[in-house]
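> The structure file final.txt (compact mmCIF, C-alpha atoms and all ligand atoms) is provided below.
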# COMPACT_ATOMS: atom_id res chain seq x y z
CA MET L 1 127.99 92.40 118.62
CA THR L 2 125.23 91.18 116.34
CA THR L 3 121.68 92.00 117.27
CA TRP L 4 119.14 89.55 115.87
CA LEU L 5 115.97 90.92 114.31
CA GLU L 6 112.87 88.80 114.13
CA GLY L 7 111.47 88.41 110.64
CA ARG L 8 108.40 86.54 109.34
CA VAL L 9 108.31 84.60 106.11
CA ILE L 10 105.75 86.09 103.73
CA GLU L 11 106.34 83.58 100.94
CA ASN L 12 108.68 80.71 100.12
CA ARG L 13 108.65 80.32 96.35
CA HIS L 14 110.04 77.06 94.97
CA TRP L 15 111.46 77.41 91.47
CA THR L 16 112.62 73.77 91.45
CA ASP L 17 112.90 70.97 94.03
CA THR L 18 116.08 72.62 95.31
CA ALA L 19 115.93 76.33 94.40
CA PHE L 20 113.80 78.65 96.51
CA SER L 21 113.21 82.35 97.23
CA LEU L 22 112.23 83.59 100.67
CA ARG L 23 110.35 86.87 101.01
CA VAL L 24 110.56 88.12 104.55
CA ALA L 25 108.94 90.93 106.54
CA ALA L 26 111.50 92.31 109.00
CA PRO L 27 112.40 95.55 110.76
CA PRO L 28 114.11 98.05 108.40
CA LEU L 29 117.76 97.30 107.56
CA ARG L 30 120.30 99.67 105.99
CA PHE L 31 122.50 98.09 103.34
CA GLU L 32 124.03 98.79 99.95
CA ALA L 33 122.85 96.76 96.94
CA GLY L 34 125.18 93.76 96.52
CA GLN L 35 125.66 93.19 100.26
CA PHE L 36 124.70 90.16 102.35
CA VAL L 37 123.34 89.55 105.83
CA ARG L 38 123.45 86.52 108.11
CA ILE L 39 120.15 84.71 108.54
CA ALA L 40 119.25 81.93 110.95
CA LEU L 41 116.54 79.85 112.56
CA GLU L 42 118.60 79.72 115.75
CA GLU L 43 121.40 82.21 116.41
CA GLN L 44 123.98 79.40 116.71
CA LEU L 45 123.49 78.33 113.07
CA ALA L 46 123.61 81.41 110.86
CA ARG L 47 124.67 81.71 107.20
CA PRO L 48 125.33 84.73 104.98
CA PHE L 49 122.74 85.35 102.26
CA SER L 50 122.85 88.13 99.69
CA PHE L 51 119.88 90.44 99.41
CA VAL L 52 117.91 90.02 96.18
CA ASN L 53 115.77 93.05 96.94
CA ALA L 54 117.07 96.57 96.36
CA PRO L 55 117.66 98.60 99.55
CA HIS L 56 114.55 100.75 99.01
CA ASP L 57 112.29 97.66 98.96
CA PRO L 58 111.06 97.05 102.52
CA VAL L 59 110.42 93.32 101.96
CA LEU L 60 113.65 91.33 102.25
CA GLU L 61 114.25 88.64 99.63
CA PHE L 62 116.83 85.84 99.59
CA TYR L 63 117.50 83.26 96.87
CA GLY L 64 118.83 79.89 98.02
CA ILE L 65 119.61 76.37 96.90
CA VAL L 66 119.35 73.22 98.99
CA VAL L 67 122.75 71.73 99.73
CA PRO L 68 121.45 68.29 100.70
CA GLU L 69 123.97 67.65 103.51
CA GLY L 70 124.10 71.29 104.59
CA PRO L 71 122.91 72.09 108.12
CA LEU L 72 120.82 75.16 107.26
CA SER L 73 119.74 75.36 103.62
CA PRO L 74 117.38 72.30 103.65
CA ARG L 75 115.62 73.83 106.66
CA LEU L 76 115.30 77.24 105.00
CA ALA L 77 113.79 75.55 101.95
CA ARG L 78 111.05 74.04 104.14
CA LEU L 79 110.02 77.34 105.78
CA ARG L 80 106.39 78.31 105.32
CA ALA L 81 104.56 81.64 105.33
CA GLY L 82 104.19 82.96 108.88
CA GLU L 83 107.27 81.16 110.26
CA ARG L 84 110.09 83.00 111.99
CA LEU L 85 113.46 83.85 110.41
CA LEU L 86 116.20 85.65 112.33
CA VAL L 87 118.06 88.35 110.41
CA ALA L 88 121.29 89.90 111.72
CA SER L 89 121.27 93.66 112.16
CA ASN L 90 124.62 94.22 110.41
CA PRO L 91 124.66 93.69 106.61
CA ALA L 92 128.17 93.65 105.11
CA GLY L 93 130.15 92.99 101.95
CA PHE L 94 132.22 94.66 99.26
CA LEU L 95 130.45 93.45 96.11
CA VAL L 96 128.95 96.91 95.78
CA LEU L 97 129.10 99.63 93.14
CA SER L 98 130.56 102.16 95.60
CA GLU L 99 133.74 100.03 95.46
CA VAL L 100 133.75 99.84 91.64
CA PRO L 101 135.57 102.43 89.51
CA ASP L 102 133.91 104.03 86.49
CA ALA L 103 133.96 102.05 83.26
CA GLU L 104 132.06 101.94 79.99
CA THR L 105 130.70 98.42 80.47
CA LEU L 106 129.76 96.67 83.70
CA TRP L 107 129.77 92.87 83.49
CA LEU L 108 127.87 91.06 86.27
CA VAL L 109 128.92 87.42 86.06
CA SER L 110 127.34 84.72 88.24
CA THR L 111 126.86 81.01 88.79
CA GLY L 112 123.85 79.51 90.60
CA THR L 113 122.65 81.58 93.55
CA GLY L 114 125.43 84.09 92.82
CA ILE L 115 122.90 86.00 90.72
CA ALA L 116 121.24 87.28 93.92
CA PRO L 117 123.41 90.34 94.68
CA PHE L 118 123.31 91.40 91.03
CA LEU L 119 119.51 91.48 91.03
CA SER L 120 119.69 93.85 94.00
CA ILE L 121 122.20 96.07 92.18
CA LEU L 122 120.09 96.09 89.00
CA GLY L 123 117.09 97.18 91.08
CA THR L 124 118.79 100.48 91.90
CA GLU L 125 119.40 103.55 89.71
CA THR L 126 123.20 103.40 90.08
CA PRO L 127 124.23 100.95 87.32
CA TRP L 128 122.10 102.74 84.72
CA ALA L 129 123.43 106.15 85.73
CA ARG L 130 127.10 105.13 85.81
CA PHE L 131 127.67 102.62 82.98
CA ARG L 132 126.82 102.88 79.29
CA ASN L 133 126.38 99.10 79.03
CA VAL L 134 125.36 96.57 81.67
CA VAL L 135 125.57 92.81 81.01
CA LEU L 136 124.20 90.09 83.29
CA VAL L 137 125.70 86.62 82.86
CA HIS L 138 124.14 83.66 84.69
CA ALA L 139 125.40 80.06 84.50
CA VAL L 140 123.36 77.17 85.90
CA ARG L 141 123.33 73.41 85.63
CA HIS L 142 119.72 73.10 84.42
CA ALA L 143 117.46 75.51 82.52
CA ALA L 144 114.88 75.48 85.34
CA GLU L 145 117.49 77.28 87.49
CA LEU L 146 117.39 80.32 85.18
CA VAL L 147 115.32 82.11 87.79
CA TYR L 148 113.82 85.64 88.00
CA GLN L 149 113.27 85.73 84.23
CA ASP L 150 110.32 88.16 84.49
CA LEU L 151 112.37 90.64 86.49
CA ILE L 152 115.37 90.26 84.18
CA ARG L 153 113.20 90.79 81.08
CA LYS L 154 111.89 93.98 82.70
CA PHE L 155 115.46 95.27 83.19
CA SER L 156 116.20 94.42 79.55
CA LYS L 157 113.09 96.16 78.23
CA GLU L 158 113.15 99.23 80.43
CA ARG L 159 116.89 99.71 81.03
CA GLY L 160 118.63 98.04 78.11
CA LEU L 161 120.23 95.28 80.19
CA ARG L 162 122.03 92.69 78.05
CA THR L 163 121.91 89.10 79.22
CA VAL L 164 123.80 85.89 78.51
CA THR L 165 122.85 82.56 80.07
CA PHE L 166 124.72 79.27 80.29
CA VAL L 167 123.12 75.88 80.92
CA SER L 168 125.83 73.31 81.54
CA ARG L 169 124.16 69.95 82.10
CA GLU L 170 121.48 69.78 79.40
CA SER L 171 120.99 71.40 76.05
CA SER L 172 118.85 74.53 76.25
CA PRO L 173 117.95 76.70 73.24
CA GLY L 174 118.90 80.34 73.79
CA SER L 175 121.61 79.53 76.35
CA LEU L 176 125.28 78.86 75.79
CA ALA L 177 126.62 75.40 76.65
CA GLY L 178 129.65 74.76 78.85
CA ARG L 179 131.25 77.11 81.35
CA ILE L 180 131.95 80.82 81.62
CA PRO L 181 135.81 80.73 81.68
CA THR L 182 136.00 78.70 78.46
CA ALA L 183 133.57 81.08 76.79
CA ILE L 184 135.73 84.03 77.87
CA MET L 185 138.79 82.38 76.33
CA ASP L 186 137.18 81.35 73.04
CA GLY L 187 135.26 84.62 72.54
CA ARG L 188 131.74 83.10 72.77
CA LEU L 189 130.77 85.23 75.76
CA GLU L 190 131.64 88.50 74.04
CA GLN L 191 129.95 87.35 70.86
CA ALA L 192 126.75 86.49 72.74
CA ALA L 193 126.71 89.85 74.55
CA GLY L 194 127.81 91.88 71.53
CA LEU L 195 130.34 93.69 73.73
CA ALA L 196 134.07 93.52 74.38
CA LEU L 197 135.42 91.97 77.56
CA GLU L 198 138.59 94.06 77.68
CA GLY L 199 139.61 97.68 77.86
CA ASN L 200 137.28 100.05 79.72
CA VAL L 201 135.24 97.41 81.55
CA HIS L 202 134.60 96.30 85.11
CA VAL L 203 133.70 92.69 85.89
CA MET L 204 131.93 91.66 89.10
CA LEU L 205 132.04 87.89 89.71
CA CYS L 206 129.91 85.97 92.22
CA GLY L 207 129.16 82.35 93.04
CA ASN L 208 131.16 79.12 92.85
CA PRO L 209 134.77 79.68 94.04
CA ASP L 210 136.17 77.49 91.24
CA MET L 211 134.39 79.65 88.67
CA LEU L 212 135.85 82.77 90.32
CA LYS L 213 139.35 81.34 90.07
CA ASP L 214 139.02 80.06 86.50
CA ALA L 215 137.25 83.19 85.27
CA GLN L 216 139.91 85.46 86.78
CA ALA L 217 142.61 83.42 85.05
CA ALA L 218 140.73 83.75 81.75
CA LEU L 219 140.26 87.50 82.28
CA ALA L 220 143.95 87.90 83.07
CA GLY L 221 144.52 86.74 79.50
CA ARG L 222 142.53 89.84 78.43
CA GLY L 223 144.69 92.16 80.51
CA LEU L 224 142.13 92.48 83.35
CA ARG L 225 143.27 92.25 86.96
CA LYS L 226 141.69 92.32 90.40
CA HIS L 227 140.54 95.70 91.67
CA ARG L 228 141.91 96.89 95.00
CA ARG L 229 141.42 100.26 96.63
CA ARG L 230 145.17 100.98 96.49
CA THR L 231 145.77 99.38 93.10
CA PRO L 232 142.72 99.95 90.89
CA GLY L 233 141.83 97.16 88.49
CA HIS L 234 138.89 95.66 86.64
CA ILE L 235 137.63 92.68 88.65
CA THR L 236 135.65 92.48 91.92
CA VAL L 237 134.75 89.07 93.35
CA GLU L 238 132.59 87.48 96.03
CA SER L 239 132.83 83.78 96.82
CA PHE L 240 129.75 82.00 98.23
CA TRP L 241 131.78 79.20 99.86
C1 LIG L 301 129.09 86.35 101.26
C2 LIG L 301 128.20 85.16 101.07
C3 LIG L 301 126.94 85.33 100.50
C4 LIG L 301 126.12 84.21 100.30
N1 LIG L 301 124.90 84.39 99.69
C5 LIG L 301 124.14 83.30 99.42
C6 LIG L 301 122.89 83.43 98.74
O1 LIG L 301 122.45 84.53 98.42
N2 LIG L 301 122.19 82.30 98.48
C7 LIG L 301 122.66 81.06 98.85
O2 LIG L 301 121.98 80.06 98.58
N3 LIG L 301 123.81 80.92 99.49
C8 LIG L 301 124.55 82.00 99.80
N4 LIG L 301 125.73 81.84 100.46
C9 LIG L 301 126.04 80.49 100.98
C10 LIG L 301 125.27 80.29 102.29
O3 LIG L 301 125.81 81.12 103.30
C11 LIG L 301 125.30 78.83 102.80
O4 LIG L 301 126.61 78.34 102.75
C12 LIG L 301 124.40 77.93 101.97
O5 LIG L 301 123.04 78.35 102.11
C13 LIG L 301 124.45 76.46 102.45
O6 LIG L 301 124.22 76.44 103.84
P1 LIG L 301 124.26 75.07 104.64
O7 LIG L 301 124.31 75.39 106.09
O8 LIG L 301 123.12 74.19 104.19
O9 LIG L 301 125.63 74.38 104.17
P2 LIG L 301 127.12 74.91 104.39
O10 LIG L 301 127.76 74.09 105.47
O11 LIG L 301 127.12 76.40 104.59
O12 LIG L 301 127.79 74.59 102.99
C14 LIG L 301 128.15 73.26 102.63
C15 LIG L 301 128.67 73.23 101.20
O13 LIG L 301 127.61 73.52 100.29
C16 LIG L 301 128.11 74.14 99.10
N5 LIG L 301 127.41 75.44 98.96
C17 LIG L 301 127.22 76.40 99.91
N6 LIG L 301 126.50 77.44 99.42
C18 LIG L 301 126.20 77.11 98.15
C19 LIG L 301 125.46 77.77 97.14
N7 LIG L 301 124.91 79.00 97.34
N8 LIG L 301 125.33 77.19 95.94
C20 LIG L 301 125.89 75.96 95.73
N9 LIG L 301 126.62 75.27 96.64
C21 LIG L 301 126.77 75.84 97.84
C22 LIG L 301 129.61 74.31 99.32
O14 LIG L 301 130.27 73.20 98.75
C23 LIG L 301 129.74 74.27 100.84
O15 LIG L 301 131.01 73.86 101.26
C24 LIG L 301 126.56 82.93 100.68
C25 LIG L 301 127.82 82.78 101.28
C26 LIG L 301 128.64 83.87 101.45
C27 LIG L 301 130.00 83.66 102.08
N1 LIG L 302 121.79 72.45 90.55
C1 LIG L 302 121.18 71.29 90.84
O1 LIG L 302 120.58 70.63 90.00
C2 LIG L 302 121.21 70.77 92.24
C3 LIG L 302 120.27 69.84 92.63
C4 LIG L 302 120.32 69.36 93.95
C5 LIG L 302 121.28 69.83 94.81
N2 LIG L 302 122.19 70.73 94.38
C6 LIG L 302 123.23 71.16 95.31
O2 LIG L 302 123.55 72.51 95.10
C7 LIG L 302 124.96 72.66 95.04
C8 LIG L 302 125.33 73.16 93.66
O3 LIG L 302 124.52 74.24 93.33
P1 LIG L 302 124.50 74.95 91.92
O4 LIG L 302 124.15 74.00 90.84
O5 LIG L 302 123.68 76.16 92.05
O6 LIG L 302 126.00 75.47 91.79
P2 LIG L 302 127.29 75.03 90.98
O7 LIG L 302 127.68 73.63 91.22
O8 LIG L 302 128.25 76.09 91.31
O9 LIG L 302 126.85 75.13 89.43
C9 LIG L 302 126.40 76.34 88.83
C10 LIG L 302 127.13 76.55 87.53
O10 LIG L 302 128.50 76.81 87.79
C11 LIG L 302 129.28 76.04 86.90
N3 LIG L 302 130.64 75.80 87.39
C12 LIG L 302 131.05 74.93 88.34
N4 LIG L 302 132.39 74.99 88.47
C13 LIG L 302 132.83 75.91 87.59
C14 LIG L 302 134.12 76.40 87.24
N5 LIG L 302 135.25 75.97 87.81
N6 LIG L 302 134.20 77.35 86.27
C15 LIG L 302 133.09 77.79 85.69
N7 LIG L 302 131.85 77.35 85.96
C16 LIG L 302 131.72 76.42 86.90
C17 LIG L 302 128.50 74.77 86.74
O11 LIG L 302 128.94 74.09 85.58
P3 LIG L 302 129.09 72.47 85.56
O12 LIG L 302 127.70 71.91 85.43
O13 LIG L 302 129.96 72.24 84.37
O14 LIG L 302 129.75 72.03 86.86
C18 LIG L 302 127.08 75.32 86.62
O15 LIG L 302 126.82 75.74 85.30
C19 LIG L 302 125.55 71.32 95.39
O16 LIG L 302 125.82 71.32 96.77
C20 LIG L 302 124.47 70.34 95.08
O17 LIG L 302 124.50 69.25 95.97
C21 LIG L 302 122.18 71.22 93.11
In structure tokens, write the structure found in this file.

Amino acid sequence: MTTWLEGRVIENRHWTDTAFSLRVAAPPLRFEAGQFVRIALEEQLARPFSFVNAPHDPVLEFYGIVVPEGPLSPRLARLRAGERLLVASNPAGFLVLSEVPDAETLWLVSTGTGIAPFLSILGTETPWARFRNVVLVHAVRHAAELVYQDLIRKFSKERGLRTVTFVSRESSPGSLAGRIPTAIMDGRLEQAAGLALEGNVHVMLCGNPDMLKDAQAALAGRGLRKHRRRTPGHITVESFW
């Protein structure tokens, strides 16, 4: 049974009208980077959110977008410092490095809020200890949704993280146009990262379920298949809806 922990919002940062990050003080939670936890204003209406913070960071952080007709996300976006947020006591999820086999290059590929679990993973020592190359790919509709740039720049400078961004609904210098699966098929993603997307690689995918499907089909064309405990492969996915 889920126990609900009472958290308090420390800050609700608005990156755009619809994209927000909640920083929350709450009782300590044990989780692995990449996992999610259910959050709620009332227990009856809870939704899973991935941790942005690394497990050693005592302040919880969640990155969300307002789905205008959604029952919970517009209310989360309106939360103010000092207000209550319920956090379930049982984080879960398999988008974690302990489920990923060794490889030379780790590709972390996301759309929209799907970047959240990867920021948590990048905030730990594990990716840098286990993989020679780490690439973060983030695709958004508008350039203003390329969030957490300061943190990402820090990972690039201090850890050698490579990054590729896509902006699909306006032109944005420094970002690729279009969608991730097309750029896998035509070679633009590898060219932008300067690394191969085949062979000794592992790809973690997170975000829009249509992207997950299309990207897996494109990766299959490179000889990469889904990773399962019994049949090891190269792709691990988490769908946000
Ligand atoms: C494992 C897991 C982890 C998740 N982590 C996050 C997270 O870190 N941040 C986050 O914002 N959401 C995350 N979600 C989605 C989240 O649980 C909610 O669905 C979302 O906040 C919308 O809630 P809602 O009640 O307003 O609408 P819902 O009734 O939950 O969703 C309505 C519709 O909104 C769309 N939608 C839902 N979530 C998103 C999204 N993230 N981006 C774009 N469109 C969406 C889908 O079309 C969905 O059918 C996660 C979901 C899962 C399953
Ligand atoms: N982002 C906004 O400006 C905005 C504003 C208000 C409300 N919302 C709400 O937020 C939700 C959408 O959020 P979001 O923009 O973060 O997520 P999203 O719709 O998943 O878009 C994020 C990125 O994923 C891409 N994508 C979509 N389908 C794909 C596929 N099959 N293969 C590869 N890439 C794909 C999009 O490209 P395309 O652009 O080509 O689809 C975009 O670059 C909606 O419910 C919407 O109502 C969003």
> What does the distance from atom N8 of ligand LIG 301 (chain L) to CA of Thr18 in chain L come to in Å, to one decimal?
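Those two atoms sit 10.3 Å apart.
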> Which residues form the shell of 9 Å around ligand LIG 301 (chain L) when you count all atoms listed in the file, given as an mmCIF file with C-alpha atoms, keeping the file's coordinate frame?

data_model
loop_
_atom_site.group_PDB
_atom_site.id
_atom_site.type_symbol
_atom_site.label_atom_id
_atom_site.label_comp_id
_atom_site.auth_asym_id
_atom_site.auth_seq_id
_atom_site.Cartn_x
_atom_site.Cartn_y
_atom_site.Cartn_z
ATOM 1 C CA ALA L 19 115.930 76.330 94.400
ATOM 2 C CA PHE L 20 113.800 78.650 96.510
ATOM 3 C CA GLN L 35 125.660 93.190 100.260
ATOM 4 C CA PHE L 36 124.700 90.160 102.350
ATOM 5 C CA VAL L 37 123.340 89.550 105.830
ATOM 6 C CA ARG L 38 123.450 86.520 108.110
ATOM 7 C CA ILE L 39 120.150 84.710 108.540
ATOM 8 C CA LEU L 45 123.490 78.330 113.070
ATOM 9 C CA ALA L 46 123.610 81.410 110.860
ATOM 10 C CA ARG L 47 124.670 81.710 107.200
ATOM 11 C CA PRO L 48 125.330 84.730 104.980
ATOM 12 C CA PHE L 49 122.740 85.350 102.260
ATOM 13 C CA SER L 50 122.850 88.130 99.690
ATOM 14 C CA PHE L 51 119.880 90.440 99.410
ATOM 15 C CA VAL L 52 117.910 90.020 96.180
ATOM 16 C CA PHE L 62 116.830 85.840 99.590
ATOM 17 C CA TYR L 63 117.500 83.260 96.870
ATOM 18 C CA GLY L 64 118.830 79.890 98.020
ATOM 19 C CA ILE L 65 119.610 76.370 96.900
ATOM 20 C CA VAL L 66 119.350 73.220 98.990
ATOM 21 C CA VAL L 67 122.750 71.730 99.730
ATOM 22 C CA PRO L 68 121.450 68.290 100.700
ATOM 23 C CA GLU L 69 123.970 67.650 103.510
ATOM 24 C CA GLY L 70 124.100 71.290 104.590
ATOM 25 C CA PRO L 71 122.910 72.090 108.120
ATOM 26 C CA LEU L 72 120.820 75.160 107.260
ATOM 27 C CA SER L 73 119.740 75.360 103.620
ATOM 28 C CA PRO L 74 117.380 72.300 103.650
ATOM 29 C CA ARG L 75 115.620 73.830 106.660
ATOM 30 C CA LEU L 76 115.300 77.240 105.000
ATOM 31 C CA ALA L 92 128.170 93.650 105.110
ATOM 32 C CA GLY L 93 130.150 92.990 101.950
ATOM 33 C CA LEU L 95 130.450 93.450 96.110
ATOM 34 C CA THR L 111 126.860 81.010 88.790
ATOM 35 C CA GLY L 112 123.850 79.510 90.600
ATOM 36 C CA THR L 113 122.650 81.580 93.550
ATOM 37 C CA GLY L 114 125.430 84.090 92.820
ATOM 38 C CA ILE L 115 122.900 86.000 90.720
ATOM 39 C CA ALA L 116 121.240 87.280 93.920
ATOM 40 C CA PRO L 117 123.410 90.340 94.680
ATOM 41 C CA CYS L 206 129.910 85.970 92.220
ATOM 42 C CA GLY L 207 129.160 82.350 93.040
ATOM 43 C CA ASN L 208 131.160 79.120 92.850
ATOM 44 C CA GLU L 238 132.590 87.480 96.030
ATOM 45 C CA SER L 239 132.830 83.780 96.820
ATOM 46 C CA PHE L 240 129.750 82.000 98.230
ATOM 47 C CA TRP L 241 131.780 79.200 99.860
#
> Could you check the closest approach to Thr163 in chain L for each of L:Pro181, L:Leu108, L:Asp150, L:Lys213 and tell me which residue wins, using only C-alpha atoms?
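Using only C-alpha atoms, the shortest distance to Thr163 in chain L belongs to L:Leu108.
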> Using all atoms listed in the file, find the one residue out of L:Ile235, L:Ala220, L:Leu161, L:Val167 that sits nearest to ligand LIG 302 (chain L).
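Closest to ligand LIG 302 (chain L), using all atoms listed in the file: L:Val167.
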> Of the candidates L:Leu189, L:Leu212, L:Leu86, L:Leu106, which one gets nearest to ligand LIG 302 (chain L) if we count all atoms listed in the file?
L:Leu212
> Between CA of Glu61 in chain L and CA of Ser120 in chain L, what is the spacing in Å?
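Between CA of Ser120 in chain L and CA of Glu61 in chain L the gap is 9.4 Å.
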> Mind working out the centre and edge lengths of an axis-aligned box for ligand LIG 302 (chain L), all listed atoms inside, 3 Å added to each side, rounded to one decimal in Å and written as lines of an AutoDock Vina configuration file?

center_x = 127.8
center_y = 73.5
center_z = 90.6
size_x = 21.0
size_y = 14.5
size_z = 18.4
> Can you work out the spacing between CA of Leu85 in chain L and CA of Thr2 in chain L in Å, to one decimal?
15.1 Å
> Please tell me which residues are no farther than 8 Å from (117.6, 97.0, 86.2) in the file, counting all atoms listed in the file, and write them as a ChimeraX atom specification.
/L:119,121-125,127-128,152,154-156,158-159,161
> So which one's closest to Gln216 in chain L, L:Val164, L:Val109, L:Leu146, L:Ala88? Using only C-alpha atoms, please.
L:Val109
> Taking all atoms listed in the file into account, which of L:Thr3, L:Ser89, L:Gln44, L:Asn12 comes nearest Phe31 in chain L?
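Comparing L:Thr3, L:Ser89, L:Gln44, L:Asn12 against Phe31 in chain L, the winner is L:Ser89.
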> Taking all atoms listed in the file into account, name the residue in L:Pro173, L:Gly160, L:Pro209, L:Gly194 that is nearest to ligand LIG 302 (chain L).
L:Pro209
> Missing atoms in range 127-134 of chain L need filling: write out all heavy atoms for it as a short mmCIF file (atom, residue, chain, number, x, y, z; two decimals), in the coordinates of the input.

data_model
loop_
_atom_site.label_atom_id
_atom_site.label_comp_id
_atom_site.auth_asym_id
_atom_site.auth_seq_id
_atom_site.Cartn_x
_atom_site.Cartn_y
_atom_site.Cartn_z
N PRO L 127 123.55 101.50 88.50
CA PRO L 127 124.23 100.95 87.32
C PRO L 127 123.84 101.69 86.04
O PRO L 127 124.69 101.91 85.17
CB PRO L 127 123.79 99.49 87.28
CG PRO L 127 122.56 99.41 88.11
CD PRO L 127 122.70 100.47 89.15
N TRP L 128 122.58 102.09 85.96
CA TRP L 128 122.10 102.74 84.72
C TRP L 128 122.64 104.15 84.61
O TRP L 128 122.84 104.67 83.51
CB TRP L 128 120.56 102.73 84.70
CG TRP L 128 120.04 101.43 85.22
CD1 TRP L 128 119.40 101.20 86.40
CD2 TRP L 128 120.18 100.14 84.60
NE1 TRP L 128 119.13 99.87 86.55
CE2 TRP L 128 119.59 99.19 85.46
CE3 TRP L 128 120.75 99.71 83.40
CZ2 TRP L 128 119.56 97.83 85.17
CZ3 TRP L 128 120.71 98.34 83.11
CH2 TRP L 128 120.13 97.44 83.98
N ALA L 129 122.89 104.80 85.75
CA ALA L 129 123.43 106.15 85.73
C ALA L 129 124.93 106.15 85.45
O ALA L 129 125.45 107.09 84.85
CB ALA L 129 123.16 106.83 87.08
N ARG L 130 125.64 105.09 85.86
CA ARG L 130 127.10 105.13 85.81
C ARG L 130 127.73 104.41 84.62
O ARG L 130 128.89 104.70 84.28
CB ARG L 130 127.66 104.52 87.10
CG ARG L 130 127.56 105.46 88.28
CD ARG L 130 128.36 104.94 89.46
NE ARG L 130 129.72 104.63 89.09
CZ ARG L 130 130.51 103.78 89.77
NH1 ARG L 130 130.05 103.19 90.85
NH2 ARG L 130 131.73 103.54 89.38
N PHE L 131 127.04 103.44 84.02
CA PHE L 131 127.67 102.62 82.98
C PHE L 131 126.86 102.69 81.69
O PHE L 131 125.63 102.57 81.73
CB PHE L 131 127.80 101.17 83.45
CG PHE L 131 128.57 101.04 84.74
CD1 PHE L 131 127.90 101.06 85.96
CD2 PHE L 131 129.95 100.96 84.74
CE1 PHE L 131 128.60 100.98 87.16
CE2 PHE L 131 130.66 100.89 85.94
CZ PHE L 131 129.99 100.90 87.15
N ARG L 132 127.55 102.82 80.57
CA ARG L 132 126.82 102.88 79.29
C ARG L 132 126.18 101.52 78.99
O ARG L 132 125.05 101.45 78.52
CB ARG L 132 127.79 103.24 78.17
CG ARG L 132 127.09 103.30 76.82
CD ARG L 132 128.02 103.63 75.71
NE ARG L 132 128.59 104.96 75.91
CZ ARG L 132 129.38 105.56 75.03
NH1 ARG L 132 129.70 104.96 73.91
NH2 ARG L 132 129.87 106.74 75.28
N ASN L 133 126.90 100.45 79.28
CA ASN L 133 126.38 99.10 79.03
C ASN L 133 126.43 98.29 80.31
O ASN L 133 127.40 98.36 81.06
CB ASN L 133 127.23 98.34 78.00
CG ASN L 133 127.48 99.16 76.76
OD1 ASN L 133 126.54 99.60 76.11
ND2 ASN L 133 128.75 99.40 76.45
N VAL L 134 125.38 97.49 80.53
CA VAL L 134 125.36 96.57 81.67
C VAL L 134 124.98 95.18 81.13
O VAL L 134 123.98 95.04 80.41
CB VAL L 134 124.35 97.00 82.75
CG1 VAL L 134 124.45 96.08 83.96
CG2 VAL L 134 124.59 98.45 83.17
#
